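First the structure, in the form of structure tokens, and then the observations on it.
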Amino acid sequence: MSGDGQPLDARRRRAALVRKIRPYARVVLALVAIGLVAWVLSDHSAELAGAGDYLRHASPPWIAVAVISELGSIVAYSIVQQRLLEAGRVHVSVGWITGVTLANIAITDSLPTGSIVATIFLYRQYRRRGADEVLAAWALAALLVVTSVTLALVAAAGVGIAGSESSDLDLVGVTIGILALTLVVAALFVQRRALVWLLRKAVRLMVVIQPRFGGRVDAITKRALGRLTSVTPTPLQMVSSVTWGLFNWVLDCGCLVLSFAALGVGVPWRGLLLAYGAGQLAANLPITPGGLGVVEGSITVALVAYGGAETSTVAAVFLYRLISFWGELPVGWIAWAWLARISRRERPAPRVAIPSTDPGAELADPQQVAAK
């Protein structure tokens, strides 16, 4: 019998059932979302046909520049991770961490539970490069804070540029709320006292829900707090991380702008940052891998509302996603294969069983045998 009065076997069966159902549930949600997108697009076949005409006449040089901008975004995101690891005195090359980032993107955008698998993948890659458990966990948490805060700043700038017109899309309250929430999370991440208080409250609430944690509040709080506050980055390292985090979003948004240029159509500048921020926030919703369908729809709707022509906007957003989503998948899986090969090379050689005259010795150390 467990602490909450439920038989352990029943709890284990329920937990096992949830683990089995969860991947299928996410696949169903993804298919439903894609189906809804297809249903909506079916009512705009004329716009899609016109978008195809735009894409057929796209400018290759502008497309190349858009690809370079997207690559710069990936490198900037990689440097954020590099700076965070350096806060724990673990130094990695930009080339290696960029390969890790590309593989991480491919995992996130390909699998129904990609975000979870990708987090585990990042954690293991950090550990292989010398980060201990605490630094790896701290770097993952700090990466989430940096990317969330910088995206919220971009979205808030979009609200400011769009002005009163942004209220027509009901995005002002959502964007400001997300900005406030991310700033609070960032402040808690830095302030030890506030973080201690919040963790204690969260753990006590967990004890109310799960009484079996009773008596372990202090141990759980200290362990979680130790992981989040054990690394103390310098102000210069944090400023550098936030700066590169902003570069990540700005360069990715630049890929969207260059997609318009590649098609030879005007950019609805007034609503650009707001539409982009809303699209990237929608990408974080755990509905489809990489926000497939959700990002395209949200960015297109917002840009059309700010004066973009339907046909050309659909084509530009599609080209942007072709570069920033579909184009990254094969490159990311190639990077994953490269990292797997490196990992196999760096893996220590297994110990070999060597016959011995000692009947009690089943496995001998090769160095000891050589010494004999």
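Ordering of the structure tokens sets the chain letters (A, B, ...), residue numbers begin anew at 1 in every chain, and ligands are numbered from 1 in the order given.
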ask   = If we count only C-alpha atoms, what is near Met238 of chain A at a cut-off of 9 Å, once residues fewer than 4 positions away on the same chain are taken out, given as a count of residues only?
value = 8
Need to verify the contact set: segment 334-336 of chain A, 9 Å, only C-alpha atoms, exclusion of same-chain residues closer than 6 positions in sequence. Can you return it as a PDB file with N, CA and C atoms, in the first residue's frame?
```pdb
ATOM      1  N   THR A  98      27.552  23.618 -32.588  1.00  0.00           N
ATOM      2  CA  THR A  98      26.625  23.843 -33.700  1.00  0.00           C
ATOM      3  C   THR A  98      26.086  22.518 -34.224  1.00  0.00           C
ATOM      4  N   GLY A  99      26.953  21.508 -34.312  1.00  0.00           N
ATOM      5  CA  GLY A  99      26.493  20.183 -34.701  1.00  0.00           C
ATOM      6  C   GLY A  99      25.482  19.632 -33.712  1.00  0.00           C
ATOM      7  N   VAL A 100      25.723  19.836 -32.421  1.00  0.00           N
ATOM      8  CA  VAL A 100      24.779  19.400 -31.388  1.00  0.00           C
ATOM      9  C   VAL A 100      23.446  20.126 -31.553  1.00  0.00           C
ATOM     10  N   THR A 101      23.504  21.418 -31.836  1.00  0.00           N
ATOM     11  CA  THR A 101      22.284  22.196 -32.009  1.00  0.00           C
ATOM     12  C   THR A 101      21.468  21.705 -33.201  1.00  0.00           C
ATOM     13  N   LEU A 102      22.141  21.445 -34.321  1.00  0.00           N
ATOM     14  CA  LEU A 102      21.438  20.948 -35.504  1.00  0.00           C
ATOM     15  C   LEU A 102      20.787  19.594 -35.217  1.00  0.00           C
ATOM     16  N   ALA A 103      21.502  18.706 -34.546  1.00  0.00           N
ATOM     17  CA  ALA A 103      20.930  17.405 -34.196  1.00  0.00           C
ATOM     18  C   ALA A 103      19.762  17.568 -33.237  1.00  0.00           C
ATOM     19  N   ASN A 104      19.892  18.482 -32.293  1.00  0.00           N
ATOM     20  CA  ASN A 104      18.822  18.750 -31.340  1.00  0.00           C
ATOM     21  C   ASN A 104      17.565  19.248 -32.051  1.00  0.00           C
ATOM     22  N   ALA A 106      16.728  18.648 -35.198  1.00  0.00           N
ATOM     23  CA  ALA A 106      16.165  17.545 -35.967  1.00  0.00           C
ATOM     24  C   ALA A 106      15.348  16.608 -35.080  1.00  0.00           C
ATOM     25  N   ILE A 107      15.859  16.315 -33.887  1.00  0.00           N
ATOM     26  CA  ILE A 107      15.127  15.445 -32.961  1.00  0.00           C
ATOM     27  C   ILE A 107      13.823  16.106 -32.532  1.00  0.00           C
TER      28      ILE A 107
END
```
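Pairwise distance (atom CA of Ser298 of chain A, atom CA of Thr313 of chain A) equals 11.8 Å.
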Would you mind listing, for every residue of segment 44-152 of chain A within 12 Å of segment 246-261 of chain A, the two atoms forming the shortest contact and the distance between them in Å to one decimal, using only C-alpha atoms, sorted by chain and ascending residue number, as a tab-separated table?
```
residue	atom	partner	partner_atom	distance
A:Ala51	CA	A:Phe260	CA	11.8
A:Tyr54	CA	A:Phe260	CA	10.1
A:Leu55	CA	A:Ser259	CA	9.9
A:His57	CA	A:Ala261	CA	11.7
A:Ala58	CA	A:Ser259	CA	8.8
A:Ser59	CA	A:Ala261	CA	8.2
A:Pro60	CA	A:Ser259	CA	10.5
A:Pro61	CA	A:Ala261	CA	10.1
A:Trp62	CA	A:Leu258	CA	6.5
A:Ile63	CA	A:Ser259	CA	6.7
A:Ala64	CA	A:Leu258	CA	9.3
A:Val65	CA	A:Leu258	CA	7.2
A:Ala66	CA	A:Cys255	CA	4.6
A:Val67	CA	A:Cys255	CA	7.0
A:Ile68	CA	A:Cys255	CA	8.2
A:Ser69	CA	A:Leu251	CA	5.5
A:Glu70	CA	A:Asp252	CA	5.3
A:Leu71	CA	A:Leu251	CA	8.5
A:Gly72	CA	A:Leu251	CA	6.5
A:Ser73	CA	A:Asn248	CA	4.3
A:Ile74	CA	A:Asn248	CA	6.7
A:Val75	CA	A:Asn248	CA	7.8
A:Ala76	CA	A:Asn248	CA	5.1
A:Tyr77	CA	A:Asn248	CA	5.4
A:Ser78	CA	A:Asn248	CA	9.0
A:Ile79	CA	A:Asn248	CA	9.5
A:Val80	CA	A:Asn248	CA	8.9
A:Gln81	CA	A:Asn248	CA	11.7
A:Val146	CA	A:Leu246	CA	9.0
A:Thr147	CA	A:Leu246	CA	8.1
A:Ser148	CA	A:Leu246	CA	10.3
A:Val149	CA	A:Leu246	CA	9.1
A:Thr150	CA	A:Leu246	CA	5.5
A:Leu151	CA	A:Trp249	CA	6.8
A:Ala152	CA	A:Leu246	CA	10.1
```
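Closest approach to Leu274 of chain A from the set A:Val159, A:Glu296, A:Val92, A:Tyr123 is made by A:Val159, with distances taken over only C-alpha atoms.
Atom CA of Val317 of chain A is found 14.6 Å from atom CA of Arg56 of chain A.
When atom CA of Gly245 of chain A is paired with atom CA of Val90 of chain A, their separation reads 19.4 Å.
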Nearest to Gln280 of chain A, restricted to only C-alpha atoms and choosing among A:Arg345, A:Val295, A:Ala309, A:Glu86, comes out as A:Val295
**Who sits within 10 Å of Ile161 of chain A, only C-alpha atoms, same chain under 4 positions skipped, as a ChimeraX atom specification** = /A:155-157,165-166,269-274
Could you take the residues named above and write them with N, CA and C atoms, as a compact mmCIF listing (two decimals), in the first residue's frame?
```
# COMPACT_ATOMS: atom_id res chain seq x y z
N ALA A 155 8.90 39.82 -29.15
CA ALA A 155 7.45 39.94 -29.29
C ALA A 155 6.95 41.25 -28.71
N ALA A 156 7.53 41.67 -27.57
CA ALA A 156 7.12 42.94 -26.97
C ALA A 156 7.49 44.11 -27.87
N ALA A 157 8.67 44.04 -28.51
CA ALA A 157 9.05 45.08 -29.48
C ALA A 157 8.06 45.11 -30.64
N GLU A 165 -2.88 49.01 -33.41
CA GLU A 165 -3.45 48.03 -34.33
C GLU A 165 -3.29 46.61 -33.81
N SER A 166 -2.32 46.39 -32.93
CA SER A 166 -2.10 45.04 -32.43
C SER A 166 -3.25 44.55 -31.57
N TRP A 269 6.05 45.52 -42.82
CA TRP A 269 6.98 45.80 -41.73
C TRP A 269 6.29 46.07 -40.40
N ARG A 270 5.17 46.75 -40.44
CA ARG A 270 4.54 47.18 -39.19
C ARG A 270 4.16 45.99 -38.30
N GLY A 271 3.73 44.93 -38.92
CA GLY A 271 3.32 43.77 -38.13
C GLY A 271 4.31 42.63 -38.14
N LEU A 272 5.51 42.87 -38.68
CA LEU A 272 6.47 41.78 -38.87
C LEU A 272 6.89 41.14 -37.55
N LEU A 273 7.45 41.93 -36.63
CA LEU A 273 7.95 41.37 -35.38
C LEU A 273 6.82 40.78 -34.54
N LEU A 274 5.65 41.41 -34.56
CA LEU A 274 4.53 40.88 -33.80
C LEU A 274 4.09 39.53 -34.35
```
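Residue nearest Leu122 of chain A, chosen from A:Val154, A:Ala262, A:Leu85, A:Ile342 and counting only C-alpha atoms: A:Leu85.
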